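Structure data (compact mmCIF, C-alpha atoms and all ligand atoms) from my_file25.txt:
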# COMPACT_ATOMS: atom_id res chain seq x y z
CA MET A 22 19.55 0.72 21.99
CA ALA A 23 18.21 0.14 18.48
CA TYR A 24 19.52 -2.89 16.61
CA LEU A 25 20.13 -0.98 13.39
CA THR A 26 20.62 2.76 13.17
CA LEU A 27 20.76 4.83 10.00
CA LYS A 28 21.87 8.35 10.80
CA GLY A 29 21.82 11.03 8.13
CA ILE A 30 22.59 8.56 5.36
CA ASN A 31 23.19 9.93 1.87
CA LYS A 32 24.01 8.20 -1.38
CA ILE A 33 25.61 10.08 -4.22
CA TYR A 34 26.48 7.80 -7.14
CA PRO A 35 29.82 8.31 -8.94
CA ASN A 36 27.96 10.05 -11.79
CA GLY A 37 26.86 12.70 -9.26
CA TYR A 38 23.27 11.50 -8.89
CA HIS A 39 22.03 12.09 -5.34
CA ALA A 40 19.82 9.01 -4.89
CA VAL A 41 19.21 9.07 -1.12
CA HIS A 42 18.95 12.21 1.03
CA ASP A 43 19.43 12.35 4.80
CA PHE A 44 17.87 8.98 5.63
CA ASN A 45 17.25 8.51 9.37
CA LEU A 46 15.80 5.39 10.93
CA GLU A 47 16.14 3.24 14.02
CA ILE A 48 15.14 -0.40 13.66
CA GLU A 49 14.47 -2.65 16.66
CA LYS A 50 15.43 -6.30 16.74
CA GLY A 51 12.75 -8.45 15.16
CA GLU A 52 10.95 -5.60 13.41
CA PHE A 53 9.53 -6.02 9.92
CA ILE A 54 10.30 -2.78 8.09
CA VAL A 55 9.04 -2.09 4.56
CA PHE A 56 10.53 0.55 2.26
CA VAL A 57 7.83 1.59 -0.19
CA GLY A 58 7.64 4.14 -2.99
CA SER A 59 7.51 4.42 -6.77
CA SER A 60 10.27 3.04 -8.94
CA GLY A 61 13.51 5.06 -8.69
CA CYS A 62 12.82 6.64 -5.28
CA GLY A 63 15.93 5.13 -3.65
CA LYS A 64 14.56 2.03 -1.88
CA SER A 65 17.02 -0.48 -3.35
CA THR A 66 19.93 1.91 -2.96
CA THR A 67 19.17 2.23 0.76
CA LEU A 68 18.75 -1.54 1.13
CA ARG A 69 22.03 -2.15 -0.69
CA MET A 70 23.83 0.28 1.62
CA ILE A 71 22.46 -1.68 4.59
CA ALA A 72 23.62 -4.91 2.94
CA GLY A 73 27.11 -3.49 2.40
CA LEU A 74 26.79 -3.87 -1.37
CA GLU A 75 26.90 -0.12 -1.92
CA ASP A 76 29.13 2.47 -0.26
CA ILE A 77 27.52 4.99 2.08
CA SER A 78 28.46 8.47 0.79
CA SER A 79 27.87 10.17 4.12
CA GLY A 80 26.14 9.43 7.41
CA GLU A 81 26.48 6.56 9.83
CA PHE A 82 25.21 3.00 9.79
CA LEU A 83 25.33 1.23 13.17
CA ILE A 84 24.65 -2.40 14.04
CA ASN A 85 24.02 -2.84 17.77
CA GLY A 86 25.41 0.63 18.27
CA GLU A 87 28.66 -0.25 16.53
CA TYR A 88 29.91 1.71 13.52
CA ALA A 89 29.37 -0.57 10.51
CA ASN A 90 29.84 1.63 7.43
CA ASP A 91 33.04 -0.18 6.50
CA LYS A 92 31.94 -3.71 7.29
CA GLY A 93 31.70 -6.05 4.33
CA PRO A 94 28.44 -7.87 3.54
CA ARG A 95 29.63 -11.10 5.23
CA GLU A 96 30.52 -9.36 8.51
CA ARG A 97 27.03 -7.85 8.72
CA GLU A 98 25.30 -11.21 9.18
CA ILE A 99 22.68 -10.60 6.53
CA ALA A 100 20.80 -12.75 4.08
CA MET A 101 19.26 -11.24 1.00
CA VAL A 102 16.50 -12.31 -1.38
CA PHE A 103 16.36 -10.55 -4.74
CA GLN A 104 13.66 -10.15 -7.33
CA SER A 105 15.35 -12.73 -9.56
CA TYR A 106 15.57 -16.00 -7.72
CA ALA A 107 19.25 -16.63 -8.49
CA LEU A 108 18.98 -20.38 -7.99
CA TYR A 109 21.65 -22.73 -9.29
CA PRO A 110 19.89 -24.31 -12.29
CA GLN A 111 22.01 -27.46 -12.31
CA MET A 112 21.36 -28.23 -8.63
CA SER A 113 18.32 -29.85 -7.05
CA VAL A 114 16.17 -27.95 -4.59
CA TYR A 115 17.92 -29.84 -1.78
CA ASP A 116 21.36 -28.79 -3.00
CA ASN A 117 20.26 -25.21 -3.60
CA LEU A 118 19.07 -25.03 0.01
CA ALA A 119 22.17 -26.77 1.35
CA PHE A 120 24.72 -24.84 -0.70
CA GLY A 121 25.49 -21.97 1.66
CA LEU A 122 25.94 -24.32 4.62
CA THR A 123 28.08 -26.73 2.60
CA LEU A 124 30.39 -23.83 1.72
CA GLN A 125 30.66 -23.01 5.41
CA GLY A 126 31.73 -26.60 6.08
CA VAL A 127 28.74 -27.38 8.26
CA ASP A 128 28.35 -31.02 9.25
CA GLU A 129 26.28 -33.04 6.74
CA ASP A 130 23.82 -34.32 9.33
CA VAL A 131 23.19 -30.81 10.55
CA ILE A 132 22.70 -29.62 6.97
CA ASP A 133 20.23 -32.41 6.31
CA GLN A 134 18.26 -31.52 9.40
CA LYS A 135 18.18 -27.83 8.50
CA VAL A 136 17.25 -28.39 4.86
CA LYS A 137 14.36 -30.62 5.91
CA HIS A 138 13.19 -28.12 8.52
CA VAL A 139 13.23 -25.20 6.07
CA ALA A 140 11.59 -27.32 3.35
CA HIS A 141 8.86 -28.16 5.84
CA ILE A 142 8.27 -24.49 6.75
CA LEU A 143 8.07 -23.57 3.06
CA GLY A 144 6.05 -26.57 1.86
CA LEU A 145 8.92 -27.83 -0.30
CA THR A 146 9.33 -31.27 1.25
CA ASP A 147 7.96 -33.04 -1.83
CA TYR A 148 10.15 -31.06 -4.19
CA LEU A 149 13.61 -31.56 -2.73
CA ASP A 150 14.78 -33.76 -5.62
CA ARG A 151 13.45 -31.49 -8.34
CA MET A 152 15.55 -29.15 -10.47
CA PRO A 153 14.58 -25.44 -10.45
CA ARG A 154 13.31 -25.60 -14.05
CA ALA A 155 10.66 -28.10 -12.95
CA LEU A 156 9.20 -25.69 -10.39
CA SER A 157 6.58 -22.98 -10.67
CA GLY A 158 7.57 -19.34 -10.11
CA GLY A 159 6.13 -19.43 -6.62
CA GLN A 160 8.03 -22.59 -5.72
CA ARG A 161 11.29 -21.14 -7.05
CA GLN A 162 10.75 -18.05 -4.97
CA ARG A 163 10.20 -20.23 -1.93
CA VAL A 164 13.53 -21.96 -2.56
CA ALA A 165 15.17 -18.53 -2.80
CA VAL A 166 13.61 -17.53 0.52
CA GLY A 167 14.62 -20.89 1.98
CA ARG A 168 18.24 -20.35 1.00
CA ALA A 169 18.19 -17.07 2.85
CA ILE A 170 16.53 -18.29 6.04
CA ILE A 171 18.48 -21.54 6.35
CA ARG A 172 21.44 -19.66 7.76
CA LYS A 173 20.83 -18.04 11.13
CA VAL A 174 21.30 -14.39 10.34
CA GLY A 175 20.44 -11.23 12.20
CA ILE A 176 19.12 -9.27 9.26
CA PHE A 177 16.97 -10.49 6.45
CA LEU A 178 16.81 -8.20 3.40
CA MET A 179 14.34 -8.64 0.55
CA ASP A 180 14.21 -6.60 -2.63
CA GLU A 181 10.86 -6.92 -4.44
CA PRO A 182 10.87 -10.68 -3.83
CA LEU A 183 7.38 -11.23 -5.20
CA SER A 184 7.43 -9.16 -8.36
CA ASN A 185 7.97 -12.11 -10.70
CA LEU A 186 4.94 -13.96 -9.39
CA ASP A 187 1.37 -13.79 -10.62
CA ALA A 188 -1.28 -12.09 -8.49
CA LYS A 189 -2.47 -15.26 -6.77
CA GLN A 190 1.02 -16.52 -5.98
CA ARG A 191 1.90 -13.11 -4.58
CA VAL A 192 -0.92 -13.28 -2.07
CA THR A 193 0.10 -16.79 -1.00
CA MET A 194 3.80 -15.93 -0.72
CA ARG A 195 2.98 -12.73 1.16
CA ALA A 196 1.22 -14.74 3.83
CA GLU A 197 4.14 -17.18 3.90
CA ILE A 198 6.68 -14.41 4.36
CA ALA A 199 4.64 -13.05 7.28
CA GLN A 200 4.52 -16.55 8.75
CA ILE A 201 8.28 -17.07 8.31
CA HIS A 202 8.90 -13.76 10.04
CA ARG A 203 6.74 -14.85 12.97
CA GLU A 204 8.61 -18.13 13.19
CA THR A 205 12.17 -16.86 12.77
CA GLY A 206 11.75 -13.46 14.43
CA ALA A 207 14.51 -12.15 12.13
CA THR A 208 14.80 -8.41 11.69
CA THR A 209 13.52 -7.90 8.16
CA ILE A 210 13.78 -5.05 5.70
CA TYR A 211 11.61 -5.49 2.67
CA VAL A 212 11.54 -3.31 -0.45
CA THR A 213 8.44 -3.01 -2.61
CA HIS A 214 6.57 -0.53 -4.80
CA ASP A 215 3.31 -2.27 -3.85
CA GLN A 216 1.41 -0.50 -1.09
CA ILE A 217 -0.70 -3.57 -0.36
CA GLU A 218 2.44 -5.60 0.38
CA ALA A 219 3.69 -2.75 2.53
CA MET A 220 0.42 -2.45 4.46
CA THR A 221 -0.03 -6.18 5.01
CA LEU A 222 3.55 -7.10 5.98
CA ALA A 223 5.05 -4.15 7.82
CA ASP A 224 5.36 -3.40 11.49
CA ARG A 225 6.49 -0.01 10.23
CA ILE A 226 6.55 1.44 6.74
CA VAL A 227 9.11 3.91 5.42
CA ILE A 228 7.57 5.72 2.48
CA MET A 229 10.00 7.39 0.08
CA LYS A 230 9.80 9.80 -2.84
CA THR A 231 12.70 10.93 -5.05
CA GLY A 232 15.31 9.95 -2.46
CA TYR A 233 13.56 11.54 0.53
CA VAL A 234 11.74 9.78 3.36
CA GLN A 235 8.20 11.14 3.47
CA GLN A 236 6.94 9.42 6.62
CA VAL A 237 7.77 6.51 8.91
CA GLY A 238 4.93 4.84 10.74
CA THR A 239 2.71 1.85 11.26
CA PRO A 240 0.31 0.98 8.44
CA TYR A 241 -2.47 2.45 10.59
CA GLU A 242 -0.63 5.74 11.08
CA LEU A 243 0.18 6.10 7.39
CA TYR A 244 -3.40 5.42 6.40
CA PHE A 245 -5.18 7.53 8.97
CA LYS A 246 -2.56 10.16 9.77
CA PRO A 247 -0.73 10.84 6.51
CA ALA A 248 1.92 13.53 6.91
CA ASN A 249 1.47 14.96 3.46
CA LEU A 250 -0.30 14.84 0.13
CA PHE A 251 2.08 12.26 -1.29
CA VAL A 252 1.55 9.75 1.51
CA ALA A 253 -2.22 10.34 1.51
CA GLY A 254 -2.34 9.69 -2.24
CA PHE A 255 0.04 6.73 -2.25
CA ILE A 256 -1.52 4.61 0.47
CA GLY A 257 -5.08 3.47 -0.22
CA GLU A 258 -6.82 2.05 -3.26
CA PRO A 259 -8.65 3.81 -4.82
CA PRO A 260 -6.58 6.73 -3.56
CA MET A 261 -7.77 9.60 -1.40
CA ASN A 262 -9.77 12.22 -3.32
CA PHE A 263 -8.34 15.73 -3.43
CA ILE A 264 -10.06 18.94 -4.41
CA ARG A 265 -7.89 22.06 -4.55
CA ARG A 266 -9.59 25.33 -3.61
CA THR A 267 -8.76 28.81 -2.36
CA VAL A 268 -9.90 29.72 1.17
CA HIS A 269 -12.18 32.79 1.49
CA ASP A 270 -13.60 33.77 4.86
CA GLY A 271 -12.83 30.32 6.24
CA CYS A 272 -14.76 28.65 3.42
CA ILE A 273 -14.07 26.89 0.14
CA GLN A 274 -16.52 26.70 -2.75
CA ILE A 275 -17.17 23.47 -4.64
CA GLY A 276 -19.75 24.04 -7.39
CA ASP A 277 -22.72 25.81 -5.79
CA THR A 278 -21.81 24.54 -2.35
CA LYS A 279 -19.88 26.58 0.16
CA LEU A 280 -18.04 24.49 2.74
CA ASP A 281 -17.08 26.12 6.02
CA ILE A 282 -13.68 24.68 6.90
CA SER A 283 -12.89 27.21 9.63
CA ALA A 284 -13.56 24.70 12.42
CA LYS A 285 -10.96 22.40 10.86
CA LEU A 286 -8.45 25.19 10.26
CA GLY A 287 -8.96 26.39 13.83
CA THR A 288 -6.46 29.06 14.81
CA LEU A 289 -4.92 28.81 11.34
CA THR A 290 -8.05 30.14 9.61
CA LYS A 291 -6.58 33.63 9.21
CA THR A 292 -3.24 32.24 8.02
CA TYR A 293 -4.96 30.41 5.19
CA GLU A 294 -7.13 33.31 4.02
CA GLY A 295 -6.56 33.65 0.26
CA LYS A 296 -4.34 30.54 0.17
CA ASP A 297 -4.97 27.23 -1.53
CA VAL A 298 -5.69 24.03 0.32
CA HIS A 299 -6.33 20.50 -0.85
CA PHE A 300 -9.58 19.18 0.59
CA GLY A 301 -9.08 15.40 0.96
CA PHE A 302 -11.36 12.48 1.77
CA ARG A 303 -11.09 8.76 1.29
CA PRO A 304 -13.52 7.00 -1.07
CA GLU A 305 -14.92 4.86 1.74
CA ALA A 306 -15.36 7.78 4.15
CA ILE A 307 -18.53 9.00 2.48
CA VAL A 308 -22.15 8.23 3.21
CA LEU A 309 -24.83 8.48 0.51
CA GLY A 310 -27.50 11.08 1.28
CA LYS A 311 -27.51 13.94 3.77
CA GLN A 312 -26.01 13.54 7.21
CA ASP A 313 -25.38 15.78 10.20
CA ASN A 314 -21.84 16.75 11.21
CA ALA A 315 -20.73 16.30 7.63
CA TYR A 316 -19.98 18.22 4.47
CA VAL A 317 -22.81 17.58 2.02
CA LEU A 318 -22.06 17.67 -1.70
CA ASP A 319 -24.03 17.24 -4.94
CA ALA A 320 -22.48 15.07 -7.61
CA LYS A 321 -23.21 13.51 -10.98
CA VAL A 322 -22.45 9.82 -11.49
CA GLU A 323 -20.14 9.22 -14.43
CA LEU A 324 -19.38 5.54 -14.10
CA THR A 325 -19.81 2.71 -11.62
CA GLU A 326 -17.66 -0.38 -11.06
CA MET A 327 -19.36 -3.20 -9.17
CA LEU A 328 -16.62 -5.15 -7.40
CA GLY A 329 -18.81 -7.43 -5.30
CA ASP A 330 -17.83 -6.28 -1.84
CA ASN A 331 -18.35 -2.67 -2.83
CA THR A 332 -18.92 -0.42 -5.83
CA ASN A 333 -16.58 2.32 -6.96
CA VAL A 334 -18.63 5.29 -8.10
CA TYR A 335 -16.81 7.85 -10.26
CA VAL A 336 -18.46 11.21 -9.83
CA ASN A 337 -18.23 14.79 -10.98
CA ILE A 338 -18.54 17.44 -8.31
CA ALA A 339 -18.78 20.67 -10.28
CA ASP A 340 -15.38 20.78 -12.01
CA ALA A 341 -13.77 18.20 -9.71
CA ASN A 342 -13.69 14.42 -9.92
CA ALA A 343 -13.85 11.91 -7.11
CA ILE A 344 -14.26 8.20 -6.49
CA LEU A 345 -16.74 7.07 -3.85
CA LYS A 346 -16.92 3.57 -2.40
CA VAL A 347 -20.49 2.50 -1.72
CA ASN A 348 -22.35 -0.60 -0.67
CA PRO A 349 -23.05 -2.58 -3.89
CA HIS A 350 -26.77 -2.71 -2.99
CA ASP A 351 -26.84 1.11 -3.07
CA THR A 352 -25.10 1.47 -6.46
CA PRO A 353 -26.53 4.60 -8.12
CA GLU A 354 -27.45 4.80 -11.84
CA THR A 355 -24.92 6.18 -14.30
CA ASP A 356 -25.78 9.83 -15.17
CA SER A 357 -27.94 10.20 -12.05
CA ASP A 358 -27.58 13.10 -9.62
CA ILE A 359 -26.68 12.10 -6.09
CA VAL A 360 -26.06 13.74 -2.74
CA PHE A 361 -23.37 12.43 -0.42
CA SER A 362 -21.92 13.40 2.95
CA ILE A 363 -18.37 13.38 4.27
CA PRO A 364 -18.29 13.36 8.08
CA PHE A 365 -16.24 16.33 9.33
CA ASP A 366 -13.77 14.04 11.07
CA ARG A 367 -13.04 12.13 7.86
CA VAL A 368 -11.80 15.20 6.00
CA TYR A 369 -8.12 16.10 5.67
CA LEU A 370 -6.78 19.48 4.67
CA PHE A 371 -3.37 19.90 3.08
CA ASP A 372 -1.40 23.07 2.50
CA SER A 373 -1.19 23.27 -1.30
CA GLU A 374 2.17 25.00 -1.16
CA THR A 375 4.09 22.78 1.29
CA GLU A 376 1.82 19.78 0.58
CA ASN A 377 1.91 18.98 4.32
CA VAL A 378 -1.21 18.03 6.21
CA ILE A 379 -2.74 20.92 8.11
CA ASP A 380 -2.59 19.31 11.49
CA THR A 381 -5.79 20.19 13.25
CA GLU A 382 -7.43 17.97 15.79
CA GLY A 383 -10.20 16.94 13.45
CA ALA A 384 -7.76 15.72 10.83
CA THR A 385 -5.54 13.69 13.11
CA ALA A 386 -8.51 12.13 14.88
CA ALA A 387 -10.06 11.06 11.60
CA VAL A 388 -10.68 7.39 12.16
P1 LIG B 401 14.14 2.03 -6.32
O1 LIG B 401 14.69 0.83 -5.66
O2 LIG B 401 13.31 2.87 -5.42
O3 LIG B 401 13.41 1.71 -7.60
P2 LIG B 401 16.92 2.72 -6.77
O4 LIG B 401 17.45 2.81 -5.39
O5 LIG B 401 17.21 1.49 -7.55
O6 LIG B 401 15.35 3.00 -6.76
O7 LIG B 401 17.44 3.97 -7.59
C1 LIG B 401 17.31 5.29 -7.12
C2 LIG B 401 17.84 6.25 -8.16
O8 LIG B 401 19.25 6.09 -8.29
C3 LIG B 401 17.24 6.01 -9.55
O9 LIG B 401 17.01 7.28 -10.15
C4 LIG B 401 18.35 5.28 -10.28
O10 LIG B 401 18.31 5.56 -11.66
C5 LIG B 401 19.60 5.83 -9.63
N1 LIG B 401 20.70 4.86 -9.66
C6 LIG B 401 20.66 3.58 -9.25
N2 LIG B 401 21.87 2.98 -9.41
C7 LIG B 401 22.68 3.92 -9.92
C8 LIG B 401 24.07 3.94 -10.32
N3 LIG B 401 24.84 2.86 -10.18
N4 LIG B 401 24.56 5.09 -10.81
C9 LIG B 401 23.79 6.18 -10.93
N5 LIG B 401 22.49 6.24 -10.58
C10 LIG B 401 21.93 5.12 -10.09
Just dump the structure as structure tokens.
Amino acid sequence: MAYLTLKGINKIYPNGYHAVHDFNLEIEKGEFIVFVGSSGCGKSTTLRMIAGLEDISSGEFLINGEYANDKGPREREIAMVFQSYALYPQMSVYDNLAFGLTLQGVDEDVIDQKVKHVAHILGLTDYLDRMPRALSGGQRQRVAVGRAIIRKVGIFLMDEPLSNLDAKQRVTMRAEIAQIHRETGATTIYVTHDQIEAMTLADRIVIMKTGYVQQVGTPYELYFKPANLFVAGFIGEPPMNFIRRTVHDGCIQIGDTKLDISAKLGTLTKTYEGKDVHFGFRPEAIVLGKQDNAYVLDAKVELTEMLGDNTNVYVNIADANAILKVNPHDTPETDSDIVFSIPFDRVYLFDSETENVIDTEGATAAV
């Protein structure tokens, strides 16, 4: 049995706004789940319903198979870390960490032991006497995480916990959160709009758009087997390139080049005759020059960005634009004409009407 079950969950706010539609998910004990999507897509609302801070309009929430819709936040055995650290400014780091346990009437020796253990895990041992104002953003966030993990809870909820940190601190804290999860083994649900955080932290990602779940899967599945155009475009930086074209005789035309996509459409070739598809490929999937078993395209280089480990090449392919990732030693000249190849098995086709991936063998095996 799953540890947490969300069955057909909906959230309609009192003003009538339908923020979450038919959310279904089963979470195993110890899993690290990330809800990702653009701002306003319903991530926090879903997290708050799990926390018991927001009523569930319809559907069922189960903990260990037991109906939990009506349970208050305390009965759910959760700890939550928010975007704002919510530390007590007049208390030292030690007291901030100890506070929850003190309230519960836990023995002072036990508290002391726990505070020191958590401080050790989070690298806060030397800061226990400091006040929050004398800490950096990253250190404050660590105290906030420490306050959550000091109590033994079943479910650990985090809502954009790193968004107030600078880029470097975010990377450090991200690694620390992964480490804490390994050490505590707590079931974690983590909300972020940042796909890198989602990809690096999650066992499974739930990707949402305007209140609807788009896909649930491992980072690998979302990257290599996106269910639809939204997921394909959201995960990956730079994003997947898309070129929209109408299918004629199993082919699409890009500039002077005719690409035969009938092998990829397979038995659906007839179905797509006269219909639009999005031809998709990731920037790093290409190879400069001509290659066998690949679509070969001519392009004009508009701009290059040398990033050290690779170069992003912005190109024009007839009336379409794309970004190609190339080895920095092969960076082409701006304004030059180039030829590049996209191996057949690195191409995705999407139905332009439904926006769903056209699930042919070539597309799903594109690794
Ligand atoms: P996210 O966490 O993905 O940024 P939220 O879950 O916070 O999104 O919000 C989802 C949608 O619900 C947004 O359009 C937001 O404006 C709306 N919303 C959030 N809280 C309320 C509320 N109390 N009343 C009405 N609408 C709300």
Exercise for the section: May I have the residues within 8 Å of ligand LIG 401 (chain B), computed using only C-alpha atoms and all ligand atoms, as a ChimeraX atom specification? Expected result: /A:33-41,57-68,212-214,229,231-232
Pull the closest atom pair for each residue of region 216-300 of chain A that gets at most 12 Å from region 177-184 of chain A, along with the distance in Å to one decimal, counting all atoms listed in the file, ordering rows by chain and then ascending residue number, as a tab-separated table.
residue	atom	partner	partner_atom	distance
A:Gln216	CA	A:Glu181	CA	11.9
A:Glu218	CA	A:Leu183	CA	9.3
A:Ala219	CA	A:Glu181	CA	10.8
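Taking all atoms listed in the file into account, Leu118 (chain A) lies nearest to A:Gln162 out of the set A:Ser79, A:Ser157, A:Gln235, A:Gln162.
Neighbours of Ile99 (chain A) closer than or equal to 7 Å, with only C-alpha atoms counted and sequence neighbours fewer than 2 positions away skipped, come out as Ala72, Arg97, Met101, Val174, Gly175, Ile176 and Phe177 of chain A.
Across the model, the gap from CA of Leu122 (chain A) to CA of Ala100 (chain A) is 12.7 Å.
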Practice task
Please provide the set of residues having any atom within 10 Å of region 274-290 of chain A, restricted to only C-alpha atoms, with same-chain residues fewer than 2 positions apart removed, written as number ranges by chain.
Solution key: A: 264-272, 292-294, 300, 315-320, 338-341, 365-366, 368-370, 379-384
Exercise for the section: Work out how far CA of Ile307 (chain A) is from CA of Ser357 (chain A), in Å to one decimal. Expected result: 17.4 Å
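One finds CA of Arg168 (chain A) at 25.7 Å from CA of Asn90 (chain A).
With only C-alpha atoms as the atoms that count, the minimum distance from Phe53 (chain A) to the choices A:Met70, A:Ala248, A:Leu124, A:Met220 is reached by A:Met220.
In this comparison, which uses only C-alpha atoms, the residue of A:Glu326, A:Glu52, A:Asp43, A:Asp358 approaching Arg203 (chain A) most closely is A:Glu52.
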Problem - Closest of A:Arg163, A:Lys189, A:Lys230, A:Arg69 to Thr146 (chain A) - atom-to-atom distances counting all atoms listed in the file - result: A:Arg163
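For the residues A:Val114, A:Ile210, A:Ala188, A:Val127, ranking by smallest atom-to-atom distance to Tyr148 (chain A) using all atoms listed in the file places A:Val114 first.
The nearest approach to Gly238 (chain A) among the residues A:Asp330, A:Asp215, A:Glu47, A:Asp297, with all atoms listed in the file taken into account, belongs to A:Glu47.
All protein and nucleic acid residues in the vicinity of (-23.3, 14.3, 0.9), that is within 6 Å when counting only C-alpha atoms, are A:Gly310, A:Lys311, A:Val317, A:Leu318, A:Val360, A:Phe361, A:Ser362.
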Practice task
Just the residues within 7 Å of Leu25 (chain A), please, counting all atoms listed in the file, with nothing from its chain fewer than 3 positions along; format it as a count of residues only.
Solution key: 6
Handout entry: Polymer residues at most 10 Å from Ala107 (chain A), all atoms listed in the file, same-chain spacing of 3 or more positions, as a ChimeraX atom specification
Key = /A:102-104,110,117,161-162,164-165
Rebuild region 335-347 of chain A to N, CA, C and O atoms - output it as a tab-separated table (two decimals), keeping the file's coordinate frame, please.
chain	number	residue	atom	x	y	z
A	335	TYR	N	-17.59	6.71	-9.77
A	335	TYR	CA	-16.81	7.85	-10.26
A	335	TYR	C	-17.77	9.00	-10.45
A	335	TYR	O	-18.75	8.87	-11.20
A	336	VAL	N	-17.52	10.10	-9.76
A	336	VAL	CA	-18.46	11.21	-9.83
A	336	VAL	C	-17.76	12.51	-10.22
A	336	VAL	O	-16.55	12.66	-10.09
A	337	ASN	N	-18.61	13.42	-10.68
A	337	ASN	CA	-18.23	14.79	-10.98
A	337	ASN	C	-18.85	15.67	-9.92
A	337	ASN	O	-20.05	15.59	-9.69
A	338	ILE	N	-18.00	16.48	-9.27
A	338	ILE	CA	-18.54	17.44	-8.31
A	338	ILE	C	-18.15	18.80	-8.87
A	338	ILE	O	-17.01	19.20	-8.76
A	339	ALA	N	-19.11	19.45	-9.53
A	339	ALA	CA	-18.78	20.67	-10.28
A	339	ALA	C	-17.62	20.35	-11.21
A	339	ALA	O	-17.70	19.38	-11.98
A	340	ASP	N	-16.48	21.04	-11.08
A	340	ASP	CA	-15.38	20.78	-12.01
A	340	ASP	C	-14.36	19.80	-11.42
A	340	ASP	O	-13.26	19.67	-11.94
A	341	ALA	N	-14.70	19.15	-10.32
A	341	ALA	CA	-13.77	18.20	-9.71
A	341	ALA	C	-14.26	16.76	-9.90
A	341	ALA	O	-15.46	16.54	-10.10
A	342	ASN	N	-13.32	15.83	-9.83
A	342	ASN	CA	-13.69	14.42	-9.92
A	342	ASN	C	-13.37	13.73	-8.60
A	342	ASN	O	-12.46	14.13	-7.90
A	343	ALA	N	-14.13	12.69	-8.32
A	343	ALA	CA	-13.85	11.91	-7.11
A	343	ALA	C	-14.33	10.48	-7.32
A	343	ALA	O	-15.13	10.20	-8.21
A	344	ILE	N	-13.79	9.59	-6.50
A	344	ILE	CA	-14.26	8.20	-6.49
A	344	ILE	C	-14.86	7.94	-5.12
A	344	ILE	O	-14.25	8.27	-4.09
A	345	LEU	N	-16.06	7.39	-5.11
A	345	LEU	CA	-16.74	7.07	-3.85
A	345	LEU	C	-16.92	5.56	-3.77
A	345	LEU	O	-17.23	4.92	-4.77
A	346	LYS	N	-16.68	5.00	-2.59
A	346	LYS	CA	-16.92	3.57	-2.40
A	346	LYS	C	-18.26	3.42	-1.72
A	346	LYS	O	-18.47	3.98	-0.64
A	347	VAL	N	-19.17	2.67	-2.35
A	347	VAL	CA	-20.49	2.50	-1.72
A	347	VAL	C	-20.84	1.03	-1.63
A	347	VAL	O	-20.26	0.18	-2.33
